[in-house]
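J.: Below is the file protein_22.cif, which contains mmCIF, C-alpha atoms and all ligand atoms.
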```cif
data_model
#
loop_
_atom_site.label_atom_id
_atom_site.label_comp_id
_atom_site.auth_asym_id
_atom_site.auth_seq_id
_atom_site.Cartn_x
_atom_site.Cartn_y
_atom_site.Cartn_z
CA MET A 23 -30.76 -8.92 0.73
CA ASP A 24 -29.99 -12.25 -0.86
CA PHE A 25 -26.38 -13.27 -0.38
CA THR A 26 -26.81 -16.85 -1.59
CA TRP A 27 -23.91 -18.12 -3.65
CA THR A 28 -24.70 -19.81 -6.97
CA PRO A 29 -24.13 -23.61 -7.17
CA GLU A 30 -21.04 -22.93 -9.31
CA GLN A 31 -19.64 -20.51 -6.74
CA SER A 32 -20.28 -22.99 -3.91
CA ALA A 33 -18.58 -25.76 -5.90
CA PHE A 34 -15.63 -23.43 -6.51
CA ARG A 35 -15.41 -22.71 -2.77
CA ASP A 36 -15.28 -26.48 -2.06
CA GLU A 37 -12.55 -26.90 -4.68
CA VAL A 38 -10.48 -24.08 -3.15
CA ARG A 39 -10.92 -25.56 0.33
CA SER A 40 -9.70 -29.00 -0.64
CA PHE A 41 -6.77 -27.55 -2.59
CA ILE A 42 -5.67 -25.58 0.49
CA ASP A 43 -6.11 -28.62 2.75
CA ARG A 44 -3.88 -30.61 0.44
CA GLU A 45 -1.18 -28.10 -0.42
CA TRP A 46 -0.73 -25.54 2.36
CA VAL A 47 1.43 -26.33 5.35
CA GLN A 48 1.09 -23.63 7.99
CA PRO A 49 4.58 -22.57 9.16
CA GLY A 50 3.45 -21.79 12.71
CA HIS A 51 1.02 -19.77 14.80
CA GLY A 52 1.11 -16.06 14.14
CA ALA A 53 2.77 -16.49 10.73
CA ILE A 54 -0.20 -15.18 8.84
CA GLY A 55 0.77 -16.20 5.35
CA GLY A 56 -1.93 -14.18 3.66
CA GLY A 57 -1.15 -11.01 5.58
CA GLU A 58 1.17 -8.13 4.87
CA GLU A 59 4.22 -9.96 6.09
CA GLY A 60 4.10 -12.87 3.71
CA GLY A 61 5.18 -16.33 4.87
CA GLY A 62 8.73 -16.82 3.58
CA ALA A 63 9.83 -20.04 1.90
CA ALA A 64 6.58 -21.92 2.65
CA SER A 65 4.65 -19.14 0.88
CA VAL A 66 6.90 -19.26 -2.16
CA ARG A 67 6.46 -23.05 -2.49
CA TYR A 68 2.70 -22.79 -2.10
CA GLN A 69 2.45 -19.91 -4.58
CA ARG A 70 4.18 -22.05 -7.20
CA ALA A 71 1.53 -24.73 -6.60
CA LEU A 72 -1.17 -22.06 -7.02
CA ALA A 73 0.46 -20.92 -10.26
CA GLN A 74 0.46 -24.47 -11.64
CA HIS A 75 -3.26 -24.59 -10.90
CA GLY A 76 -3.82 -21.24 -12.66
CA TRP A 77 -4.96 -19.66 -9.39
CA LEU A 78 -2.14 -17.26 -8.67
CA THR A 79 -3.49 -14.70 -11.10
CA MET A 80 -6.98 -16.06 -11.60
CA ALA A 81 -8.61 -12.62 -11.93
CA TRP A 82 -6.15 -11.40 -14.57
CA PRO A 83 -7.40 -11.23 -18.17
CA LYS A 84 -6.64 -14.41 -20.16
CA GLU A 85 -4.29 -12.52 -22.51
CA TYR A 86 -1.95 -11.91 -19.56
CA GLY A 87 -1.96 -15.48 -18.27
CA GLY A 88 -5.00 -15.20 -15.97
CA ARG A 89 -8.28 -17.11 -16.01
CA GLY A 90 -10.47 -14.05 -16.36
CA VAL A 91 -12.73 -15.11 -13.45
CA THR A 92 -15.15 -12.68 -11.83
CA TYR A 93 -14.32 -10.59 -8.78
CA TRP A 94 -16.68 -12.80 -6.77
CA GLU A 95 -14.66 -15.94 -7.48
CA GLN A 96 -11.55 -14.00 -6.57
CA LEU A 97 -13.22 -13.00 -3.30
CA ILE A 98 -14.16 -16.62 -2.52
CA PHE A 99 -10.57 -17.65 -3.14
CA ALA A 100 -9.25 -14.81 -0.94
CA GLU A 101 -11.71 -15.63 1.86
CA GLU A 102 -10.94 -19.32 1.95
CA SER A 103 -7.20 -18.63 1.80
CA ALA A 104 -7.40 -16.21 4.71
CA PHE A 105 -9.62 -18.60 6.73
CA ALA A 106 -6.73 -21.08 6.44
CA SER A 107 -3.99 -18.43 6.90
CA ALA A 108 -2.71 -19.42 3.45
CA PRO A 109 -1.02 -16.87 1.17
CA THR A 110 -2.56 -15.75 -2.10
CA GLY A 111 -0.77 -14.03 -4.95
CA GLY A 112 1.94 -11.99 -3.27
CA GLN A 113 2.92 -8.56 -4.48
CA GLY A 114 3.67 -9.62 -8.05
CA ALA A 115 0.19 -10.93 -8.68
CA ASP A 116 -1.72 -8.51 -6.45
CA ARG A 117 0.07 -5.21 -7.14
CA VAL A 118 2.89 -5.18 -9.67
CA GLY A 119 1.13 -7.13 -12.44
CA PRO A 120 -2.17 -5.19 -12.28
CA THR A 121 -0.24 -1.88 -12.17
CA LEU A 122 1.84 -2.90 -15.21
CA MET A 123 -1.33 -3.84 -17.10
CA ILE A 124 -2.50 -0.22 -16.70
CA HIS A 125 0.76 1.76 -16.87
CA GLY A 126 3.45 -0.58 -18.24
CA THR A 127 4.98 -0.62 -21.72
CA ASP A 128 4.34 -3.60 -24.03
CA GLU A 129 7.93 -4.73 -23.46
CA GLN A 130 7.50 -4.59 -19.67
CA LYS A 131 4.26 -6.57 -19.88
CA ARG A 132 5.90 -9.20 -22.10
CA GLU A 133 8.86 -9.52 -19.77
CA HIS A 134 7.16 -9.54 -16.36
CA LEU A 135 3.54 -10.70 -16.57
CA PRO A 136 4.18 -14.31 -17.68
CA LYS A 137 6.82 -14.76 -14.95
CA ILE A 138 4.47 -13.38 -12.30
CA ALA A 139 1.61 -15.59 -13.51
CA ALA A 140 3.91 -18.63 -13.33
CA GLY A 141 4.93 -17.78 -9.75
CA GLU A 142 8.58 -17.60 -10.81
CA VAL A 143 9.44 -14.23 -9.30
CA VAL A 144 9.02 -12.83 -5.79
CA TRP A 145 8.60 -9.04 -5.56
CA CYS A 146 9.02 -6.61 -2.71
CA GLN A 147 7.96 -2.99 -2.35
CA GLY A 148 10.39 -0.14 -1.69
CA PHE A 149 8.11 2.78 -0.89
CA SER A 150 8.51 3.75 2.80
CA GLU A 151 11.59 5.54 4.10
CA PRO A 152 12.67 6.36 7.66
CA GLY A 153 11.17 9.85 7.29
CA SER A 154 8.38 9.06 4.80
CA GLY A 155 5.55 6.68 5.60
CA SER A 156 2.12 8.27 5.84
CA ASP A 157 3.51 11.29 4.01
CA LEU A 158 4.99 9.05 1.35
CA ALA A 159 5.32 11.82 -1.23
CA SER A 160 8.06 13.40 0.90
CA LEU A 161 10.41 10.49 0.00
CA GLN A 162 14.08 11.37 -0.49
CA THR A 163 15.71 8.37 -2.21
CA ARG A 164 17.33 10.03 -5.18
CA ALA A 165 17.49 8.76 -8.78
CA ALA A 166 19.68 10.85 -11.11
CA ARG A 167 19.78 10.35 -14.86
CA ASP A 168 23.06 9.17 -16.36
CA GLY A 169 22.74 8.40 -20.09
CA ASP A 170 20.32 5.49 -20.57
CA ASP A 171 20.41 4.70 -16.85
CA PHE A 172 19.38 6.27 -13.57
CA VAL A 173 21.63 6.04 -10.52
CA ILE A 174 19.81 5.48 -7.22
CA ASN A 175 21.09 6.50 -3.77
CA GLY A 176 19.11 6.39 -0.54
CA GLN A 177 17.32 4.17 1.96
CA LYS A 178 14.00 2.36 2.23
CA ILE A 179 12.56 0.74 5.36
CA TRP A 180 9.94 -1.86 6.33
CA THR A 181 10.60 -3.66 3.04
CA SER A 182 8.60 -6.87 3.64
CA GLY A 183 10.06 -9.97 2.04
CA ALA A 184 13.12 -8.17 0.60
CA ASP A 185 15.30 -11.00 1.93
CA HIS A 186 13.79 -13.52 -0.48
CA ALA A 187 12.60 -11.24 -3.31
CA GLN A 188 14.25 -11.22 -6.74
CA TRP A 189 12.74 -7.87 -7.83
CA ILE A 190 11.77 -4.65 -6.10
CA HIS A 191 9.39 -1.90 -7.23
CA VAL A 192 10.65 1.34 -5.82
CA LEU A 193 9.72 5.02 -5.65
CA THR A 194 12.49 7.59 -6.13
CA ARG A 195 12.85 11.35 -6.33
CA THR A 196 14.01 12.46 -9.75
CA ASP A 197 13.22 16.19 -9.54
CA PRO A 198 14.04 17.63 -6.10
CA GLU A 199 12.93 21.12 -7.22
CA ALA A 200 9.38 20.10 -8.22
CA PRO A 201 6.43 20.04 -5.77
CA LYS A 202 6.75 16.78 -3.83
CA HIS A 203 4.08 14.78 -5.69
CA ARG A 204 5.47 15.76 -9.09
CA GLY A 205 9.15 14.84 -8.81
CA VAL A 206 8.69 11.12 -8.15
CA THR A 207 9.61 8.29 -10.56
CA TYR A 208 8.69 4.60 -10.18
CA PHE A 209 11.21 1.88 -11.13
CA MET A 210 11.52 -1.89 -11.13
CA LEU A 211 14.90 -3.46 -10.49
CA ARG A 212 16.51 -6.76 -9.68
CA MET A 213 17.46 -7.23 -6.04
CA ASP A 214 20.89 -8.58 -7.03
CA THR A 215 21.80 -5.28 -8.75
CA PRO A 216 25.20 -4.15 -7.38
CA GLY A 217 24.82 -1.52 -4.65
CA ILE A 218 21.64 -2.89 -3.00
CA SER A 219 22.09 -4.17 0.55
CA LEU A 220 19.72 -5.21 3.34
CA ARG A 221 19.60 -5.10 7.12
CA PRO A 222 16.90 -7.29 8.68
CA ILE A 223 14.50 -5.95 11.33
CA VAL A 224 13.17 -8.59 13.74
CA GLN A 225 9.68 -7.90 15.02
CA MET A 226 8.40 -8.34 18.56
CA HIS A 227 6.77 -11.66 17.65
CA ASP A 228 10.25 -12.86 16.58
CA GLN A 229 9.52 -12.93 12.86
CA ALA A 230 12.09 -11.64 10.42
CA GLY A 231 11.17 -10.80 6.83
CA PHE A 232 11.17 -7.06 7.44
CA ASN A 233 14.18 -5.08 6.21
CA GLU A 234 15.96 -1.82 5.76
CA THR A 235 17.05 -1.58 2.12
CA PHE A 236 20.03 0.56 1.13
CA PHE A 237 20.85 1.86 -2.36
CA GLU A 238 24.39 2.97 -3.08
CA ASP A 239 25.08 4.07 -6.68
CA VAL A 240 22.59 1.50 -7.98
CA ARG A 241 22.18 1.66 -11.77
CA VAL A 242 18.77 0.99 -13.25
CA PRO A 243 18.04 1.22 -16.99
CA ALA A 244 15.53 3.94 -17.93
CA LYS A 245 13.42 1.25 -19.66
CA ASN A 246 12.63 -0.13 -16.17
CA MET A 247 10.62 3.00 -15.34
CA ILE A 248 6.87 2.36 -14.79
CA GLY A 249 4.92 5.27 -16.29
CA ASP A 250 6.61 8.56 -17.11
CA GLU A 251 9.53 10.32 -15.47
CA ASN A 252 8.36 12.50 -12.55
CA ARG A 253 4.82 11.05 -12.79
CA GLY A 254 5.48 7.99 -10.64
CA TRP A 255 3.35 9.21 -7.76
CA TYR A 256 0.17 8.76 -9.78
CA VAL A 257 1.24 5.27 -10.89
CA ALA A 258 2.03 4.31 -7.28
CA ALA A 259 -1.49 5.41 -6.28
CA THR A 260 -2.80 2.58 -8.49
CA ALA A 261 -0.53 0.08 -6.73
CA LEU A 262 -1.69 1.37 -3.30
CA ASP A 263 -5.36 1.03 -4.27
CA PHE A 264 -4.74 -2.61 -5.21
CA GLU A 265 -2.93 -3.12 -1.89
CA ARG A 266 -5.80 -1.79 0.23
CA SER A 267 -8.72 -3.59 -1.36
CA GLY A 268 -9.45 -7.15 -0.34
CA ILE A 269 -11.40 -9.23 2.12
CA ASN A 270 -8.32 -10.91 3.60
CA ARG A 271 -7.92 -8.69 6.67
CA MET A 272 -11.39 -9.48 7.95
CA ALA A 273 -11.20 -13.14 6.90
CA GLU A 274 -7.89 -13.71 8.72
CA ALA A 275 -9.72 -13.11 12.01
CA VAL A 276 -12.36 -15.77 11.37
CA ALA A 277 -10.48 -19.02 12.06
CA PRO A 278 -8.80 -17.78 15.29
CA PHE A 279 -12.19 -16.47 16.47
CA ARG A 280 -13.83 -19.85 15.82
CA ARG A 281 -11.07 -21.56 17.81
CA LEU A 282 -11.54 -19.08 20.67
CA LEU A 283 -15.29 -19.66 20.63
CA ALA A 284 -14.88 -23.45 20.71
CA HIS A 285 -12.36 -23.12 23.56
CA ALA A 286 -14.63 -20.75 25.47
CA THR A 287 -17.52 -23.17 25.52
CA ARG A 288 -15.47 -26.21 26.60
CA PRO A 289 -15.27 -27.17 30.26
CA ASP A 290 -11.93 -26.07 31.68
CA SER A 291 -8.91 -28.35 31.71
CA ALA A 292 -8.84 -28.63 35.50
CA GLY A 293 -11.97 -30.76 35.17
CA GLN A 294 -14.09 -28.43 37.28
CA GLY A 295 -16.82 -28.42 34.64
CA ARG A 296 -16.55 -24.66 34.57
CA ARG A 297 -16.53 -23.00 31.19
CA ILE A 298 -14.04 -20.31 30.24
CA VAL A 299 -16.92 -17.99 29.51
CA ASP A 300 -18.05 -17.52 33.05
CA THR A 301 -18.56 -13.81 33.06
CA SER A 302 -20.95 -11.65 31.12
CA MET A 303 -17.93 -9.55 30.11
CA HIS A 304 -16.47 -12.44 28.10
CA ARG A 305 -19.81 -13.32 26.56
CA LEU A 306 -20.33 -9.74 25.41
CA ALA A 307 -16.79 -9.52 24.06
CA LEU A 308 -17.39 -12.58 21.87
CA VAL A 309 -20.66 -11.11 20.65
CA ASP A 310 -18.97 -7.80 19.80
CA THR A 311 -16.32 -9.60 17.75
CA HIS A 312 -19.00 -11.57 15.94
CA ILE A 313 -20.87 -8.38 15.01
CA GLU A 314 -17.71 -6.55 13.93
CA MET A 315 -16.76 -9.52 11.79
CA GLU A 316 -20.10 -9.43 9.98
CA VAL A 317 -19.83 -5.65 9.44
CA ALA A 318 -16.28 -5.96 8.09
CA ARG A 319 -17.36 -8.79 5.83
CA LEU A 320 -20.17 -6.72 4.32
CA LEU A 321 -17.84 -3.75 3.80
CA GLY A 322 -15.48 -6.10 1.97
CA TYR A 323 -18.33 -7.47 -0.14
CA ARG A 324 -19.29 -3.90 -1.04
CA VAL A 325 -15.80 -3.30 -2.45
CA THR A 326 -16.12 -6.46 -4.55
CA TRP A 327 -19.62 -5.46 -5.68
CA MET A 328 -18.28 -2.10 -6.87
CA GLN A 329 -15.30 -3.65 -8.66
CA ASP A 330 -17.66 -6.10 -10.33
CA ARG A 331 -19.57 -3.10 -11.74
CA HIS A 332 -16.33 -1.37 -12.83
CA LEU A 333 -16.76 1.31 -10.16
CA VAL A 334 -13.62 2.50 -8.37
CA PRO A 335 -13.80 1.89 -4.61
CA ASN A 336 -11.92 4.56 -2.77
CA MET A 337 -13.44 5.58 0.54
CA GLU A 338 -14.99 2.08 0.50
CA SER A 339 -11.55 0.42 0.33
CA SER A 340 -10.40 2.54 3.26
CA MET A 341 -13.48 1.60 5.32
CA SER A 342 -12.97 -2.07 4.54
CA LYS A 343 -9.22 -1.93 5.29
CA MET A 344 -9.82 -0.16 8.58
CA ALA A 345 -12.69 -2.38 9.71
CA GLY A 346 -10.72 -5.54 8.91
CA SER A 347 -7.44 -4.54 10.54
CA GLU A 348 -9.06 -3.07 13.67
CA LEU A 349 -11.21 -6.21 13.96
CA GLN A 350 -8.03 -8.33 13.98
CA GLN A 351 -6.59 -6.29 16.83
CA ARG A 352 -9.78 -6.29 18.90
CA ASN A 353 -10.25 -10.03 18.46
CA ALA A 354 -6.65 -10.60 19.61
CA ARG A 355 -7.07 -8.25 22.58
CA ARG A 356 -10.35 -9.75 23.72
CA GLY A 357 -9.00 -13.26 23.25
CA ILE A 358 -5.91 -12.70 25.33
CA ASN A 359 -7.98 -11.07 28.10
CA MET A 360 -10.35 -14.00 28.09
CA LEU A 361 -7.60 -16.65 28.19
CA GLY A 362 -5.92 -15.07 31.19
CA LEU A 363 -2.27 -15.71 32.05
CA ALA A 364 -2.14 -18.90 29.96
CA GLY A 365 -3.15 -16.82 26.94
CA ALA A 366 0.01 -14.75 27.21
CA LEU A 367 2.27 -17.81 26.80
CA ARG A 368 3.95 -18.44 23.48
CA PRO A 369 3.73 -21.57 21.32
CA GLY A 370 5.79 -24.38 22.79
CA GLN A 371 5.55 -23.11 26.38
CA PRO A 372 3.87 -25.51 28.83
CA ARG A 373 0.24 -24.53 29.61
CA ALA A 374 0.02 -22.09 26.68
CA ALA A 375 -3.70 -21.63 26.00
CA LEU A 376 -4.76 -22.52 22.45
CA GLY A 377 -1.15 -23.46 21.70
CA GLY A 378 -0.03 -19.85 22.17
CA GLU A 379 -2.03 -18.68 19.16
CA TYR A 380 -3.55 -15.64 20.84
CA CYS A 381 -0.24 -14.50 22.27
CA MET A 382 1.20 -14.46 18.75
CA LEU A 383 -1.94 -12.84 17.32
CA TYR A 384 -1.81 -10.13 19.96
CA LEU A 385 1.78 -9.31 19.03
CA SER A 386 1.48 -9.68 15.27
CA THR A 387 -1.75 -7.76 14.74
CA VAL A 388 -0.31 -4.54 16.18
CA SER A 389 1.15 -3.89 12.73
CA ARG A 390 -2.15 -4.40 10.90
CA THR A 391 -3.37 -0.86 11.48
CA ILE A 392 -0.02 0.52 10.29
CA ALA A 393 0.76 -1.52 7.18
CA ALA A 394 -0.76 -0.35 3.88
CA GLY A 395 -1.64 3.02 5.42
CA THR A 396 -2.48 3.62 9.08
CA SER A 397 -6.03 3.79 10.43
CA GLU A 398 -5.61 7.55 10.90
CA ILE A 399 -4.75 7.93 7.22
CA GLN A 400 -7.77 5.79 6.24
CA ARG A 401 -9.94 8.04 8.44
CA ASN A 402 -8.51 11.09 6.67
CA ILE A 403 -9.42 9.58 3.29
CA ILE A 404 -12.95 8.81 4.46
CA ALA A 405 -13.29 12.33 5.92
CA THR A 406 -12.13 14.18 2.81
CA ARG A 407 -13.15 11.96 -0.13
CA GLY A 408 -16.17 10.35 1.52
CA LEU A 409 -17.72 13.04 3.69
CA GLY A 410 -16.37 16.13 1.94
CA LEU A 411 -14.80 17.42 5.17
CA PRO A 412 -11.84 19.79 5.00
CA ARG A 413 -8.31 18.42 5.51
CA GLY A 414 -7.34 18.22 9.21
C1 LIG B 501 3.66 -5.13 8.69
C2 LIG B 501 4.12 -3.99 7.84
C3 LIG B 501 4.55 -4.23 6.55
C4 LIG B 501 5.00 -3.17 5.76
N1 LIG B 501 5.51 -3.46 4.53
C5 LIG B 501 6.02 -2.47 3.78
C6 LIG B 501 6.63 -2.75 2.52
O1 LIG B 501 6.74 -3.91 2.10
N2 LIG B 501 7.13 -1.73 1.79
C7 LIG B 501 7.03 -0.43 2.20
O2 LIG B 501 7.45 0.46 1.47
N3 LIG B 501 6.46 -0.12 3.43
C8 LIG B 501 5.97 -1.11 4.20
N4 LIG B 501 5.42 -0.82 5.43
C9 LIG B 501 5.45 0.55 5.91
C10 LIG B 501 4.09 1.20 6.04
O3 LIG B 501 3.56 1.54 4.78
C11 LIG B 501 4.27 2.43 6.94
O4 LIG B 501 4.67 1.96 8.21
C12 LIG B 501 3.01 3.24 7.09
O5 LIG B 501 2.68 3.85 5.88
C13 LIG B 501 3.12 4.30 8.20
O6 LIG B 501 4.26 5.07 8.03
P1 LIG B 501 5.29 5.29 9.24
O7 LIG B 501 5.61 3.94 9.82
O8 LIG B 501 6.42 6.09 8.71
O9 LIG B 501 4.50 6.09 10.34
P2 LIG B 501 4.25 7.67 10.36
O10 LIG B 501 3.78 8.12 9.02
O11 LIG B 501 5.46 8.33 10.92
O12 LIG B 501 3.05 7.79 11.36
C14 LIG B 501 3.23 7.81 12.79
C15 LIG B 501 1.88 8.05 13.43
O13 LIG B 501 1.37 9.34 13.04
C16 LIG B 501 0.08 9.21 12.45
N5 LIG B 501 -0.07 10.18 11.36
C17 LIG B 501 0.81 10.46 10.38
N6 LIG B 501 0.31 11.37 9.52
C18 LIG B 501 -0.94 11.68 9.96
C19 LIG B 501 -1.97 12.55 9.49
N7 LIG B 501 -1.80 13.30 8.40
N8 LIG B 501 -3.12 12.59 10.19
C20 LIG B 501 -3.30 11.83 11.31
N9 LIG B 501 -2.34 10.99 11.80
C21 LIG B 501 -1.19 10.89 11.13
C22 LIG B 501 0.04 7.79 11.90
O14 LIG B 501 -1.28 7.33 11.73
C23 LIG B 501 0.81 7.02 12.96
O15 LIG B 501 -0.02 6.73 14.04
C24 LIG B 501 4.98 -1.86 6.24
C25 LIG B 501 4.52 -1.60 7.54
C26 LIG B 501 4.11 -2.65 8.35
C27 LIG B 501 3.67 -2.36 9.73
#
```
Output the structure of this file as structure tokens.
Ligand SMILES: Cc1cc2nc3c(=O)[nH]c(=O)nc-3n(C[C@H](O)[C@H](O)[C@H](O)COP(=O)(O)OP(=O)(O)OC[C@H]3O[C@@H](n4cnc5c(N)ncnc54)[C@H](O)[C@@H]3O)c2cc1C

T.:
Amino acid sequence: MDFTWTPEQSAFRDEVRSFIDREWVQPGHGAIGGGEEGGGAASVRYQRALAQHGWLTMAWPKEYGGRGVTYWEQLIFAEESAFASAPTGGQGADRVGPTLMIHGTDEQKREHLPKIAAGEVVWCQGFSEPGSGSDLASLQTRAARDGDDFVINGQKIWTSGADHAQWIHVLTRTDPEAPKHRGVTYFMLRMDTPGISLRPIVQMHDQAGFNETFFEDVRVPAKNMIGDENRGWYVAATALDFERSGINRMAEAVAPFRRLLAHATRPDSAGQGRRIVDTSMHRLALVDTHIEMEVARLLGYRVTWMQDRHLVPNMESSMSKMAGSELQQRNARRGINMLGLAGALRPGQPRAALGGEYCMLYLSTVSRTIAAGTSEIQRNIIATRGLGLPRG
């Protein structure tokens, strides 16, 4: 197998690297800007800089404000961004825009795509509810028609970035009598619409940005519907496919792993000349992470290879998502074991190993195998669609 990049691709990688070095200021350890949680105000600022450079939506067709680059250039950009824990396009560029290109009306495309490409609007996703996560189609948030509007009542949860988003894309139930997949309608609405309120949820690594979102008699015009009434489930499946593909999960583990490796081979700080890696257990753990990283990388490249040939990755996206997110957790777990008590200290605490990075990674990566569909759900997809096994 020849995985050599062309000279143009290598030059592009260098350009991306120096752009990130210049423009991205990391908000702090554990704030993985490219991950599911987004990076707040720093991300928004950086995404505007990306937009000015034409990189926010580089893979979009030129007619929609993109640069029409290949999937491979997009992958290089995503890899380098994740290596530096820098955000990429956000939900507007990665999910909403591509979904509108397939299912949106001409008016919706004209209104939203240029603003997304310019980095002017931050989007959040209102899919999950307290009783509907993995079984998303059981969602209960109700939208009832009233003339040219729908009126929404209900609650969403785990709405990442809702506290700084201007728009939300949201799934609602419009026909409670229909089978659960058939009574769902997909809307876009402004977050400052009267009747929407938020309650923040602080996570165990002290980051906010996660919210409960409440809808009380919220009016949304019918023209803000994506796809047809009661057919929103099938449109949302497109958005979820876009959410799951991508090399970023694997690539986010690379830089912390390299720092752990460098730390492990340095003599210890007590000046004893002893290296951190003084047991075969630690050596083997580092080797395992290295192998898993290579496997996850190749699974990610396979998804890109398929997209490049206009094939639809399905089981392949699930394998890549699972391999990348489980890799992040295992790297964090092995790292914190290896660093001992000092590894469990947070940034800013005296004697924190590696500046507290692995403590924050350990806490923040717990959510990686939950967000965008849990590992169990990915396994179910691989079992049924990949291996032809019956549903469990
Ligand atoms: C960091 C993060 C960001 C998120 N951002 C958003 C967001 O912006 N917008 C949004 O709408 N949602 C968001 N979510 C929610 C996410 O999509 C859900 O948490 C996820 O789909 C799981 O749903 P749940 O939490 O309700 O767990 P549940 O579905 O209740 O699952 C609980 C456990 O049961 C297992 N399980 C459930 N069903 C099956 C099955 N059929 N077979 C085997 N095991 C099963 C699950 O794997 C899990 O271990 C986010 C979540 C996280 C962690």

J.: Show me as a list in words the residues that reach within 8 Å of (1.4, 2.3, 5.4), counting all atoms listed in the file and using the file's own coordinates.

T.: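 Here is the list of nearby residues: Ser150, Gly155, Ser156, Ile392, Ala393, Ala394, Gly395 and Thr396 of chain A.
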
J.: Using the selection just defined, write its residues with C-alpha atoms as a PDB file, in the frame of the given file.

T.:
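And here is the file that came out, part.pdb:
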```
ATOM      1  CA  SER A 150       8.510   3.750   2.800  1.00  0.00           C
ATOM      2  CA  GLY A 155       5.550   6.680   5.600  1.00  0.00           C
ATOM      3  CA  SER A 156       2.120   8.270   5.840  1.00  0.00           C
ATOM      4  CA  ILE A 392      -0.020   0.520  10.290  1.00  0.00           C
ATOM      5  CA  ALA A 393       0.760  -1.520   7.180  1.00  0.00           C
ATOM      6  CA  ALA A 394      -0.760  -0.350   3.880  1.00  0.00           C
ATOM      7  CA  GLY A 395      -1.640   3.020   5.420  1.00  0.00           C
ATOM      8  CA  THR A 396      -2.480   3.620   9.080  1.00  0.00           C
TER       9      THR A 396
END
```

J.: If you count only C-alpha atoms, which residues fall within 10 Å of Met80 (chain A), apart from same-chain ones fewer than 4 positions away, as a ChimeraX atom specification?

T.: /A:72-73,75-76,84,87-93,95-96,99,111,115,139

J.: Report, in Å with one decimal, the straight-line distance from CA of Glu45 (chain A) to CA of Ala140 (chain A).

T.: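 Computing the Euclidean distance for CA of Glu45 (chain A) and CA of Ala140 (chain A) yields 16.8 Å.
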
J.: Which one is closest to Ala286 (chain A): A:Arg356, A:Arg266, A:Arg331, A:His203? Count all atoms listed in the file.

T.: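 Closest candidate: A:Arg356.
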
J.: Provide an axis-aligned box for all listed atoms of region 232-242 of chain A, padding each side by 6 Å; report its centre and its edge lengths in Å to one decimal, as AutoDock Vina command-line options.

T.:
```
--center_x 18.1 --center_y -1.5 --center_z -2.9 --size_x 25.9 --size_y 23.1 --size_z 32.7
```

J.: Could you add the missing atoms to region 303-314 of chain A, up to N, CA and C atoms, and return them as a compact mmCIF listing (two decimals), keeping the file's coordinate frame?

T.:
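Heads up, here's the output in selection.txt:
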```txt
# COMPACT_ATOMS: atom_id res chain seq x y z
N MET A 303 -18.88 -10.37 30.86
CA MET A 303 -17.93 -9.55 30.11
C MET A 303 -17.38 -10.35 28.92
N HIS A 304 -17.02 -11.61 29.17
CA HIS A 304 -16.47 -12.44 28.10
C HIS A 304 -17.53 -12.75 27.05
N ARG A 305 -18.73 -13.02 27.51
CA ARG A 305 -19.81 -13.32 26.56
C ARG A 305 -20.03 -12.12 25.63
N LEU A 306 -20.08 -10.95 26.22
CA LEU A 306 -20.33 -9.74 25.41
C LEU A 306 -19.17 -9.46 24.46
N ALA A 307 -17.96 -9.76 24.92
CA ALA A 307 -16.79 -9.52 24.06
C ALA A 307 -16.88 -10.41 22.82
N LEU A 308 -17.28 -11.67 23.02
CA LEU A 308 -17.39 -12.58 21.87
C LEU A 308 -18.49 -12.10 20.92
N VAL A 309 -19.57 -11.62 21.49
CA VAL A 309 -20.66 -11.11 20.65
C VAL A 309 -20.19 -9.90 19.85
N ASP A 310 -19.46 -9.00 20.50
CA ASP A 310 -18.97 -7.80 19.80
C ASP A 310 -18.09 -8.20 18.62
N THR A 311 -17.20 -9.17 18.84
CA THR A 311 -16.32 -9.60 17.75
C THR A 311 -17.16 -10.17 16.60
N HIS A 312 -18.16 -10.97 16.97
CA HIS A 312 -19.00 -11.57 15.94
C HIS A 312 -19.68 -10.48 15.09
N ILE A 313 -20.19 -9.46 15.75
CA ILE A 313 -20.87 -8.38 15.01
C ILE A 313 -19.87 -7.63 14.13
N GLU A 314 -18.72 -7.29 14.71
CA GLU A 314 -17.71 -6.55 13.93
C GLU A 314 -17.24 -7.35 12.72
```
